[in-house]
file my_file.pdb (PDB, C-alpha atoms and all ligand atoms)
ATOM      1  CA  MET U   1     -18.377  -2.011  15.076
ATOM      2  CA  GLU U   2     -20.586  -0.401  12.450
ATOM      3  CA  VAL U   3     -20.347  -1.449   8.798
ATOM      4  CA  TYR U   4     -21.813   0.608   5.953
ATOM      5  CA  ALA U   5     -21.586   0.873   2.198
ATOM      6  CA  GLU U   6     -23.112   4.346   1.666
ATOM      7  CA  VAL U   7     -21.159   7.614   1.932
ATOM      8  CA  ASP U   8     -23.894   9.324   4.001
ATOM      9  CA  ASP U   9     -23.740   6.623   6.691
ATOM     10  CA  ILE U  10     -19.968   7.015   7.058
ATOM     11  CA  ARG U  11     -20.347  10.808   7.317
ATOM     12  CA  ARG U  12     -23.131  10.501   9.925
ATOM     13  CA  VAL U  13     -21.015   8.283  12.218
ATOM     14  CA  ARG U  14     -17.884  10.363  11.590
ATOM     15  CA  TRP U  15     -19.557  13.625  12.611
ATOM     16  CA  ALA U  16     -21.513  12.305  15.628
ATOM     17  CA  GLU U  17     -18.635  13.654  17.740
ATOM     18  CA  PRO U  18     -17.078  16.433  15.655
ATOM     19  CA  LEU U  19     -14.077  16.981  17.931
ATOM     20  CA  ALA U  20     -12.993  13.323  18.069
ATOM     21  CA  SER U  21      -9.807  12.350  16.221
ATOM     22  CA  TRP U  22     -10.215   9.626  13.630
ATOM     23  CA  GLY U  23      -7.578   7.310  12.218
ATOM     24  CA  LEU U  24      -8.234   5.682   8.835
ATOM     25  CA  VAL U  25      -6.735   2.486   7.428
ATOM     26  CA  PRO U  26      -7.539   2.067   3.722
ATOM     27  CA  THR U  27      -7.393  -1.551   2.492
ATOM     28  CA  MET U  28      -8.469  -3.765  -0.373
ATOM     29  CA  GLY U  29      -9.486  -6.531   2.043
ATOM     30  CA  TYR U  30      -8.248 -10.124   2.323
ATOM     31  CA  LEU U  31      -6.732  -8.878   5.538
ATOM     32  CA  HIS U  32      -3.526 -10.200   7.087
ATOM     33  CA  GLY U  33      -1.194  -9.316   9.945
ATOM     34  CA  GLY U  34       0.239  -6.343   8.033
ATOM     35  CA  HIS U  35      -3.176  -4.686   7.813
ATOM     36  CA  ILE U  36      -3.896  -5.443  11.466
ATOM     37  CA  SER U  37      -0.590  -3.836  12.525
ATOM     38  CA  LEU U  38      -1.764  -0.618  10.825
ATOM     39  CA  VAL U  39      -5.132  -0.910  12.582
ATOM     40  CA  GLU U  40      -3.461  -1.414  15.973
ATOM     41  CA  ARG U  41      -1.313   1.655  15.501
ATOM     42  CA  ALA U  42      -4.345   3.688  14.431
ATOM     43  CA  ILE U  43      -6.238   2.553  17.543
ATOM     44  CA  ALA U  44      -3.315   3.541  19.771
ATOM     45  CA  GLU U  45      -3.080   7.041  18.283
ATOM     46  CA  ASN U  46      -6.745   8.100  17.744
ATOM     47  CA  ASP U  47     -10.131   8.294  19.512
ATOM     48  CA  TYR U  48     -11.879   6.308  16.773
ATOM     49  CA  VAL U  49     -10.692   4.150  13.890
ATOM     50  CA  GLY U  50     -12.226   3.555  10.480
ATOM     51  CA  VAL U  51     -11.179   0.949   7.923
ATOM     52  CA  SER U  52     -12.195   0.897   4.279
ATOM     53  CA  ILE U  53     -12.406  -2.326   2.305
ATOM     54  CA  PHE U  54     -12.604  -1.659  -1.415
ATOM     55  CA  VAL U  55     -10.900  -3.484  -4.285
ATOM     56  CA  ASN U  56     -10.441  -0.354  -6.361
ATOM     57  CA  PRO U  57     -10.822  -1.256 -10.039
ATOM     58  CA  THR U  58      -9.196   1.949 -11.306
ATOM     59  CA  GLN U  59      -5.799   1.118  -9.783
ATOM     60  CA  PHE U  60      -5.489  -2.214 -11.615
ATOM     61  CA  ASP U  61      -3.693  -1.993 -14.952
ATOM     62  CA  ASN U  62      -4.436  -5.649 -15.628
ATOM     63  CA  GLU U  63      -7.980  -7.038 -15.905
ATOM     64  CA  SER U  64      -7.094 -10.577 -14.818
ATOM     65  CA  ASP U  65      -5.207  -9.305 -11.729
ATOM     66  CA  LEU U  66      -8.425  -7.500 -10.693
ATOM     67  CA  GLU U  67     -10.603 -10.538 -11.382
ATOM     68  CA  LYS U  68      -8.300 -12.821  -9.396
ATOM     69  CA  TYR U  69      -7.899 -10.449  -6.440
ATOM     70  CA  PRO U  70      -8.896 -12.567  -3.407
ATOM     71  CA  THR U  71     -11.791 -11.601  -1.098
ATOM     72  CA  LYS U  72     -13.059 -12.927   2.265
ATOM     73  CA  ILE U  73     -15.259 -10.174   3.635
ATOM     74  CA  GLU U  74     -16.790 -12.091   6.587
ATOM     75  CA  ASP U  75     -13.341 -13.105   7.900
ATOM     76  CA  ASP U  76     -12.089  -9.544   7.346
ATOM     77  CA  LEU U  77     -14.956  -8.087   9.399
ATOM     78  CA  ALA U  78     -14.346 -10.627  12.188
ATOM     79  CA  MET U  79     -10.658  -9.628  12.316
ATOM     80  CA  LEU U  80     -11.521  -5.920  12.429
ATOM     81  CA  ARG U  81     -14.155  -6.474  15.130
ATOM     82  CA  ALA U  82     -11.644  -8.427  17.230
ATOM     83  CA  ALA U  83      -9.055  -5.676  16.753
ATOM     84  CA  GLY U  84     -11.488  -3.032  18.088
ATOM     85  CA  VAL U  85     -12.282  -1.031  14.930
ATOM     86  CA  ASP U  86     -15.232   1.392  15.204
ATOM     87  CA  LEU U  87     -16.417   1.850  11.614
ATOM     88  CA  VAL U  88     -15.899  -0.055   8.358
ATOM     89  CA  TRP U  89     -16.702   1.317   4.920
ATOM     90  CA  THR U  90     -17.442  -1.317   2.277
ATOM     91  CA  PRO U  91     -18.540   0.693  -0.763
ATOM     92  CA  THR U  92     -19.488  -0.991  -4.029
ATOM     93  CA  PRO U  93     -17.828   0.138  -7.277
ATOM     94  CA  GLN U  94     -21.168   1.796  -8.188
ATOM     95  CA  ILE U  95     -21.104   3.845  -4.967
ATOM     96  CA  MET U  96     -17.473   4.839  -5.449
ATOM     97  CA  TYR U  97     -17.804   5.537  -9.183
ATOM     98  CA  PRO U  98     -21.423   6.476  -9.935
ATOM     99  CA  PRO U  99     -22.577   7.315 -13.458
ATOM    100  CA  HIS U 100     -20.960  10.468 -14.888
ATOM    101  CA  PHE U 101     -17.892  10.120 -12.643
ATOM    102  CA  GLN U 102     -15.087  12.040 -14.379
ATOM    103  CA  THR U 103     -12.696  13.585 -11.839
ATOM    104  CA  THR U 104      -9.229  12.170 -11.167
ATOM    105  CA  VAL U 105      -6.152  13.140  -9.155
ATOM    106  CA  ASP U 106      -2.719  13.049 -10.811
ATOM    107  CA  VAL U 107       0.487  13.358  -8.828
ATOM    108  CA  THR U 108       2.787  13.955 -11.757
ATOM    109  CA  ALA U 109       6.548  13.548 -11.215
ATOM    110  CA  LEU U 110       6.590  11.017  -8.348
ATOM    111  CA  THR U 111       4.497   8.558 -10.361
ATOM    112  CA  GLN U 112       6.759   8.403 -13.416
ATOM    113  CA  THR U 113       9.222   5.822 -12.021
ATOM    114  CA  LEU U 114       9.155   2.384 -10.322
ATOM    115  CA  GLU U 115       5.599   1.020  -9.927
ATOM    116  CA  GLY U 116       4.238   4.020 -11.842
ATOM    117  CA  ALA U 117       6.393   3.154 -14.856
ATOM    118  CA  ALA U 118       5.472  -0.529 -14.611
ATOM    119  CA  ARG U 119       1.715  -0.073 -14.029
ATOM    120  CA  ASP U 120       0.045   2.463 -16.299
ATOM    121  CA  GLY U 121      -2.559   4.562 -14.473
ATOM    122  CA  HIS U 122      -2.050   2.754 -11.146
ATOM    123  CA  PHE U 123      -1.265   5.850  -9.086
ATOM    124  CA  ARG U 124      -4.020   7.930 -10.701
ATOM    125  CA  GLY U 125      -6.392   5.248  -9.421
ATOM    126  CA  VAL U 126      -4.775   5.221  -5.976
ATOM    127  CA  ALA U 127      -4.632   9.026  -5.588
ATOM    128  CA  THR U 128      -8.239   9.423  -6.738
ATOM    129  CA  VAL U 129      -9.688   6.747  -4.475
ATOM    130  CA  VAL U 130      -7.628   7.849  -1.455
ATOM    131  CA  THR U 131      -8.829  11.441  -1.978
ATOM    132  CA  LYS U 132     -12.399  10.116  -1.875
ATOM    133  CA  LEU U 133     -11.649   8.096   1.283
ATOM    134  CA  LEU U 134     -10.002  11.070   3.010
ATOM    135  CA  ASN U 135     -12.833  13.432   2.016
ATOM    136  CA  THR U 136     -15.436  10.997   3.338
ATOM    137  CA  PHE U 137     -13.812  10.166   6.710
ATOM    138  CA  GLN U 138     -11.845  13.426   7.142
ATOM    139  CA  PRO U 139      -9.448  11.553   9.436
ATOM    140  CA  ARG U 140      -6.738  13.247  11.499
ATOM    141  CA  ARG U 141      -4.326  10.476  10.411
ATOM    142  CA  ALA U 142      -4.275   7.814   7.697
ATOM    143  CA  TYR U 143      -2.046   4.744   7.924
ATOM    144  CA  PHE U 144      -0.191   3.170   4.998
ATOM    145  CA  GLY U 145       2.404   0.394   4.739
ATOM    146  CA  GLN U 146       5.990   1.214   3.829
ATOM    147  CA  LYS U 147       5.837  -1.963   1.714
ATOM    148  CA  ASP U 148       4.171   0.290  -0.860
ATOM    149  CA  ALA U 149       6.897   2.936  -0.507
ATOM    150  CA  GLN U 150       6.000   4.886  -3.638
ATOM    151  CA  GLN U 151       2.350   4.995  -2.552
ATOM    152  CA  VAL U 152       3.437   6.627   0.726
ATOM    153  CA  ALA U 153       5.576   9.195  -1.135
ATOM    154  CA  VAL U 154       2.792   9.989  -3.619
ATOM    155  CA  LEU U 155       0.121  10.370  -0.918
ATOM    156  CA  LYS U 156       2.352  12.535   1.299
ATOM    157  CA  ARG U 157       2.866  14.859  -1.659
ATOM    158  CA  MET U 158      -0.850  14.801  -2.524
ATOM    159  CA  VAL U 159      -2.115  15.869   0.932
ATOM    160  CA  VAL U 160       0.326  18.794   0.963
ATOM    161  CA  ASP U 161      -0.481  19.863  -2.589
ATOM    162  CA  LEU U 162      -4.272  19.640  -2.129
ATOM    163  CA  ASN U 163      -4.424  21.045   1.453
ATOM    164  CA  ILE U 164      -5.949  17.829   2.758
ATOM    165  CA  ASN U 165      -5.923  18.006   6.559
ATOM    166  CA  THR U 166      -4.732  14.427   7.173
ATOM    167  CA  GLU U 167      -1.315  13.208   8.263
ATOM    168  CA  ILE U 168      -0.061  10.266   6.175
ATOM    169  CA  VAL U 169       1.571   7.840   8.638
ATOM    170  CA  PRO U 170       3.985   5.267   7.134
ATOM    171  CA  CYS U 171       4.124   1.910   8.959
ATOM    172  CA  GLU U 172       6.812  -0.761   8.824
ATOM    173  CA  THR U 173       6.420  -3.875   6.661
ATOM    174  CA  LEU U 174       5.243  -7.028   8.459
ATOM    175  CA  ARG U 175       6.868 -10.237   7.232
ATOM    176  CA  GLU U 176       6.326 -13.979   7.358
ATOM    177  CA  PRO U 177       8.930 -15.976   9.349
ATOM    178  CA  ASP U 178      11.035 -16.499   6.177
ATOM    179  CA  GLY U 179      10.997 -12.760   5.424
ATOM    180  CA  LEU U 180       8.342 -12.687   2.675
ATOM    181  CA  ALA U 181       6.422  -9.414   3.042
ATOM    182  CA  MET U 182       2.813 -10.182   4.002
ATOM    183  CA  SER U 183       0.463  -9.476   1.099
ATOM    184  CA  SER U 184      -3.031 -10.490   0.040
ATOM    185  CA  ARG U 185      -1.442 -11.696  -3.207
ATOM    186  CA  ASN U 186       0.625 -14.309  -1.289
ATOM    187  CA  ALA U 187      -2.536 -16.427  -1.099
ATOM    188  CA  ARG U 188      -2.168 -16.995  -4.838
ATOM    189  CA  LEU U 189       1.344 -18.497  -4.579
ATOM    190  CA  ASP U 190       1.320 -22.268  -5.052
ATOM    191  CA  PRO U 191       3.477 -24.270  -2.582
ATOM    192  CA  ALA U 192       6.525 -24.391  -4.885
ATOM    193  CA  ALA U 193       6.373 -20.650  -5.567
ATOM    194  CA  ARG U 194       5.724 -19.888  -1.896
ATOM    195  CA  ALA U 195       8.917 -21.779  -0.979
ATOM    196  CA  GLN U 196      10.965 -19.512  -3.283
ATOM    197  CA  ALA U 197       9.136 -16.235  -2.654
ATOM    198  CA  SER U 198      11.428 -15.063   0.151
ATOM    199  CA  CYS U 199      14.088 -14.379  -2.518
ATOM    200  CA  LEU U 200      13.015 -10.712  -2.707
ATOM    201  CA  TYR U 201      13.681 -10.273   1.008
ATOM    202  CA  ARG U 202      16.898 -12.294   0.858
ATOM    203  CA  SER U 203      18.200 -10.140  -1.982
ATOM    204  CA  LEU U 204      17.419  -6.982   0.030
ATOM    205  CA  LEU U 205      19.212  -8.470   3.044
ATOM    206  CA  ALA U 206      22.256  -9.179   0.855
ATOM    207  CA  VAL U 207      22.240  -5.554  -0.334
ATOM    208  CA  LYS U 208      21.931  -4.330   3.244
ATOM    209  CA  GLY U 209      24.824  -6.541   4.370
ATOM    210  CA  SER U 210      27.032  -5.199   1.577
ATOM    211  CA  ILE U 211      26.138  -1.549   2.194
ATOM    212  CA  ASP U 212      26.770  -2.039   5.926
ATOM    213  CA  GLY U 213      30.108  -3.627   4.951
ATOM    214  CA  GLY U 214      31.129  -0.545   2.953
ATOM    215  CA  GLU U 215      30.161  -1.477  -0.629
ATOM    216  CA  THR U 216      29.312   1.649  -2.642
ATOM    217  CA  ASP U 217      29.219   0.355  -6.236
ATOM    218  CA  LEU U 218      25.591   0.227  -7.382
ATOM    219  CA  ALA U 219      26.469  -2.224 -10.185
ATOM    220  CA  VAL U 220      27.772  -4.696  -7.583
ATOM    221  CA  LEU U 221      24.657  -4.250  -5.438
ATOM    222  CA  ARG U 222      22.364  -4.642  -8.454
ATOM    223  CA  ALA U 223      24.168  -7.848  -9.478
ATOM    224  CA  MET U 224      23.558  -9.289  -5.991
ATOM    225  CA  VAL U 225      19.824  -8.838  -6.400
ATOM    226  CA  GLU U 226      19.880 -10.310  -9.915
ATOM    227  CA  GLU U 227      21.825 -13.347  -8.683
ATOM    228  CA  THR U 228      19.622 -14.000  -5.641
ATOM    229  CA  ILE U 229      16.397 -13.761  -7.651
ATOM    230  CA  GLY U 230      17.977 -15.594 -10.607
ATOM    231  CA  ALA U 231      18.878 -18.551  -8.378
ATOM    232  CA  GLU U 232      15.168 -19.386  -7.895
ATOM    233  CA  PRO U 233      13.774 -21.256 -10.921
ATOM    234  CA  LEU U 234      10.221 -19.894 -10.507
ATOM    235  CA  ALA U 235      11.293 -16.275  -9.944
ATOM    236  CA  GLY U 236      11.849 -13.534 -12.519
ATOM    237  CA  LEU U 237      13.070 -10.047 -11.662
ATOM    238  CA  GLU U 238      10.991  -7.306 -13.297
ATOM    239  CA  TYR U 239      13.070  -4.400 -11.983
ATOM    240  CA  VAL U 240      15.327  -3.419  -9.105
ATOM    241  CA  SER U 241      15.871   0.267  -8.490
ATOM    242  CA  PHE U 242      18.306   2.192  -6.347
ATOM    243  CA  SER U 243      16.584   5.554  -6.062
ATOM    244  CA  ASP U 244      16.655   8.776  -4.083
ATOM    245  CA  ALA U 245      14.025   8.129  -1.380
ATOM    246  CA  ASN U 246      12.655  11.680  -1.744
ATOM    247  CA  THR U 247      12.427  12.079  -5.524
ATOM    248  CA  LEU U 248      12.230   8.331  -6.425
ATOM    249  CA  LEU U 249      14.634   9.043  -9.292
ATOM    250  CA  ASP U 250      17.334   6.482 -10.089
ATOM    251  CA  LEU U 251      20.724   7.169  -8.535
ATOM    252  CA  ASP U 252      23.931   6.865 -10.522
ATOM    253  CA  LYS U 253      25.984   6.668  -7.338
ATOM    254  CA  LEU U 254      25.188   5.591  -3.809
ATOM    255  CA  SER U 255      23.679   8.296  -1.585
ATOM    256  CA  PHE U 256      21.138   8.508   1.235
ATOM    257  CA  PRO U 257      18.241   8.444   1.892
ATOM    258  CA  LEU U 258      18.215   5.446  -0.449
ATOM    259  CA  LEU U 259      15.201   3.386  -1.477
ATOM    260  CA  VAL U 260      16.029  -0.061  -2.847
ATOM    261  CA  SER U 261      12.831  -1.364  -4.386
ATOM    262  CA  MET U 262      11.935  -4.211  -6.676
ATOM    263  CA  ALA U 263       9.182  -6.136  -8.400
ATOM    264  CA  ALA U 264       9.495  -9.809  -9.307
ATOM    265  CA  THR U 265       7.119 -12.522 -10.371
ATOM    266  CA  VAL U 266       7.283 -15.836  -8.539
ATOM    267  CA  GLY U 267       5.280 -18.634 -10.106
ATOM    268  CA  GLY U 268       3.436 -15.992 -12.155
ATOM    269  CA  ILE U 269       2.432 -13.871  -9.119
ATOM    270  CA  ARG U 270       3.798 -10.331  -9.063
ATOM    271  CA  LEU U 271       5.406  -9.366  -5.738
ATOM    272  CA  ILE U 272       7.061  -6.124  -4.576
ATOM    273  CA  ASP U 273       9.397  -5.326  -1.691
ATOM    274  CA  ASN U 274      11.805  -2.611  -0.590
ATOM    275  CA  PHE U 275      14.245  -1.452   2.064
ATOM    276  CA  LEU U 276      14.640   2.207   2.990
ATOM    277  CA  PHE U 277      18.146   3.310   4.061
ATOM    278  CA  GLU U 278      17.877   6.635   5.888
TER     279      GLU U 278
HETATM  280  P1  LIG J 301      -3.771  -3.447   0.388
HETATM  281  O1  LIG J 301      -4.985  -4.083   0.981
HETATM  282  O2  LIG J 301      -2.798  -4.397  -0.185
HETATM  283  O3  LIG J 301      -4.099  -2.261  -0.506
HETATM  284  O4  LIG J 301      -2.988  -2.809   1.619
HETATM  285  C1  LIG J 301      -3.626  -1.886   2.484
HETATM  286  C2  LIG J 301      -2.570  -1.194   3.300
HETATM  287  O5  LIG J 301      -1.831  -2.165   4.047
HETATM  288  C3  LIG J 301      -1.534  -0.464   2.406
HETATM  289  O6  LIG J 301      -1.209   0.780   3.032
HETATM  290  C4  LIG J 301      -0.377  -1.413   2.402
HETATM  291  O7  LIG J 301       0.859  -0.749   2.213
HETATM  292  C5  LIG J 301      -0.464  -1.991   3.802
HETATM  293  N1  LIG J 301       0.237  -3.271   3.854
HETATM  294  C6  LIG J 301       0.158  -4.288   2.939
HETATM  295  N2  LIG J 301       0.996  -5.281   3.277
HETATM  296  C7  LIG J 301       1.644  -4.880   4.409
HETATM  297  C8  LIG J 301       2.634  -5.474   5.237
HETATM  298  N3  LIG J 301       3.156  -6.667   4.964
HETATM  299  N4  LIG J 301       3.055  -4.780   6.317
HETATM  300  C9  LIG J 301       2.536  -3.554   6.609
HETATM  301  N5  LIG J 301       1.584  -2.940   5.873
HETATM  302  C10 LIG J 301       1.149  -3.592   4.783
END

call {"tool": "encode", "arguments": {"input": "my_file.pdb", "output": "structure tokens", "more": "lines below"}}
Ligand code: AMP
result
Amino acid sequence: MEVYAEVDDIRRVRWAEPLASWGLVPTMGYLHGGHISLVERAIAENDYVGVSIFVNPTQFDNESDLEKYPTKIEDDLAMLRAAGVDLVWTPTPQIMYPPHFQTTVDVTALTQTLEGAARDGHFRGVATVVTKLLNTFQPRRAYFGQKDAQQVAVLKRMVVDLNINTEIVPCETLREPDGLAMSSRNARLDPAARAQASCLYRSLLAVKGSIDGGETDLAVLRAMVEETIGAEPLAGLEYVSFSDANTLLDLDKLSFPLLVSMAATVGGIRLIDNFLFE
């Protein structure tokens, strides 16, 4: 496994065999089973696999969230080596955003709702850094978790709009045994908060059970989420949305494909989760 920080080194390895197909897994590090499941899929579907590890400052709307973002680069590299990754890009912020940097990518409508409404500038940061990653690796496929459902929708739109020759491949959310979606942020949950953090998943399961049972009233479904999250003393619901999975606009009556997505803080740590109903 080769590990480089500089753009030219990534390009040199990438183009050593021009006809090979590359899969790319962009990450912010502090790797867990969810990341590795993306890596494994990329390995199965491509000749070579690259992973980027970069805590992208421009996608954080909150300075202290960026400062507290956990890192463990040596462990991350050991996990990627064991998984069989070929190339890892670990750029510094100075390499990614050198002096005079001034170009950004805005996906307009899809970023107005949900996480885009809650986190000012987040998706501009994501779209810009992913464009840089895709331009550097020029992968055939890039793998993203469905846990960040809006990110998948935004990036799928972006590669079509900008004629980027990479397929965005959504991958299912990996969960802990109690249903909590794996996330680097989970490391920041204290034991009491960790014990309550599966409430996001449990509320989604309750919604799924009701929809499967024939419930169509969105107010009833919304109340189920509010009650499940509200029952945990350390949890606070920021939003729950029932949206059209294509446009990400709020629905006023139940229709499919439906994205049920939410953000909640548990013990002060902000968590997100969603279910997609095709
Ligand atoms: P991050 O390092 O949090 O930016 O995540 C890097 C990639 O891994 C993103 O495409 C995430 O959607 C994906 N990812 C994060 N958590 C999970 C999970 N629990 N299951 C599957 N993919 C995930």

call {"tool": "resolve_selection", "arguments": {"input": "my_file.pdb", "expression": "the PyMOL selection byres (((chain U and resi 216-227) around 12) and not hetatm)", "output": "number ranges by chain"}}
result
U: 199-215, 228-233, 235-243, 250-256, 258, 260-264, 273-274

call {"tool": "resolve_selection", "arguments": {"input": "my_file.pdb", "expression": "the PyMOL selection byres (((not hetatm)) within 6 of (chain J and resi 301))", "output": "list in words"}}
result
Pro26, Thr27, Met28, Gly29, Gly34, His35, Phe144, Gly145, Gln146, Lys147, Asp148, Glu172, Thr173, Leu174, Arg175, Ala181, Met182 and Ser183 of chain U

call {"tool": "resolve_selection", "arguments": {"input": "my_file.pdb", "expression": "the PyMOL selection byres (((chain U and resi 43-60) around 6) and not hetatm)", "output": "ChimeraX atom specification"}}
result
/U:20-29,40-42,61-62,85-90,122,125-126

call {"tool": "write_last_selection", "arguments": {"input": "my_file.pdb", "atoms": "C-alpha atoms", "output": "tab-separated table (two decimals), in the coordinates of the input"}}
result
chain	number	residue	atom	x	y	z
U	20	ALA	CA	-12.99	13.32	18.07
U	21	SER	CA	-9.81	12.35	16.22
U	22	TRP	CA	-10.22	9.63	13.63
U	23	GLY	CA	-7.58	7.31	12.22
U	24	LEU	CA	-8.23	5.68	8.84
U	25	VAL	CA	-6.74	2.49	7.43
U	26	PRO	CA	-7.54	2.07	3.72
U	27	THR	CA	-7.39	-1.55	2.49
U	28	MET	CA	-8.47	-3.76	-0.37
U	29	GLY	CA	-9.49	-6.53	2.04
U	40	GLU	CA	-3.46	-1.41	15.97
U	41	ARG	CA	-1.31	1.66	15.50
U	42	ALA	CA	-4.34	3.69	14.43
U	61	ASP	CA	-3.69	-1.99	-14.95
U	62	ASN	CA	-4.44	-5.65	-15.63
U	85	VAL	CA	-12.28	-1.03	14.93
U	86	ASP	CA	-15.23	1.39	15.20
U	87	LEU	CA	-16.42	1.85	11.61
U	88	VAL	CA	-15.90	-0.06	8.36
U	89	TRP	CA	-16.70	1.32	4.92
U	90	THR	CA	-17.44	-1.32	2.28
U	122	HIS	CA	-2.05	2.75	-11.15
U	125	GLY	CA	-6.39	5.25	-9.42
U	126	VAL	CA	-4.78	5.22	-5.98

call {"tool": "closest_residue", "arguments": {"input": "my_file.pdb", "among": "U:Ala197, U:Ala142, U:Val159, U:Leu189", "to": "Leu38 of chain U", "atoms": "all atoms listed in the file"}}
result
U:Ala142

call {"tool": "closest_residue", "arguments": {"input": "my_file.pdb", "among": "U:Thr92, U:Asp161, U:Asp75, U:Tyr143", "to": "Asp106 of chain U", "atoms": "all atoms listed in the file"}}
result
U:Asp161

call {"tool": "atom_distance", "arguments": {"input": "my_file.pdb", "atom1": "atom CA of Ile73 of chain U", "atom2": "atom CA of Glu115 of chain U"}}
result
27.3 Å

call {"tool": "closest_residue", "arguments": {"input": "my_file.pdb", "among": "U:Arg119, U:Arg11, U:Arg81, U:Lys156", "to": "Thr131 of chain U", "atoms": "only C-alpha atoms"}}
result
U:Lys156

call {"tool": "atom_distance", "arguments": {"input": "my_file.pdb", "atom1": "atom CA of Gly268 of chain U", "atom2": "atom CA of Gly116 of chain U"}}
result
20.0 Å

call {"tool": "residues_around", "arguments": {"input": "my_file.pdb", "residues": "Thr104 of chain U", "least_positions_apart": "2", "cutoff": "7 Å", "atoms": "only C-alpha atoms", "output": "PyMOL selection string"}}
result
chain U and resi 102+106+124+128

call {"tool": "atom_distance", "arguments": {"input": "my_file.pdb", "atom1": "atom CA of Met79 of chain U", "atom2": "atom CA of Gly179 of chain U"}}
result
22.9 Å

call {"tool": "residues_around", "arguments": {"input": "my_file.pdb", "residues": "Leu134 of chain U", "least_positions_apart": "2", "cutoff": "10 Å", "atoms": "only C-alpha atoms", "output": "number ranges by chain"}}
result
U: 24, 26, 129-132, 136-142, 159, 164-166

call {"tool": "residues_around", "arguments": {"input": "my_file.pdb", "residues": "Leu248 of chain U", "least_positions_apart": "4", "cutoff": "9 Å", "atoms": "only C-alpha atoms", "output": "list in words"}}
result
Leu110, Thr111, Gln112, Thr113, Leu114, Gln150, Ala153, Phe242, Ser243, Asp244, Leu258 and Leu259 of chain U

call {"tool": "residues_around", "arguments": {"input": "my_file.pdb", "residues": "Ala82 of chain U", "least_positions_apart": "5", "cutoff": "10 Å", "atoms": "all atoms listed in the file", "output": "list in words"}}
result
Met1, Asp76 and Leu77 of chain U
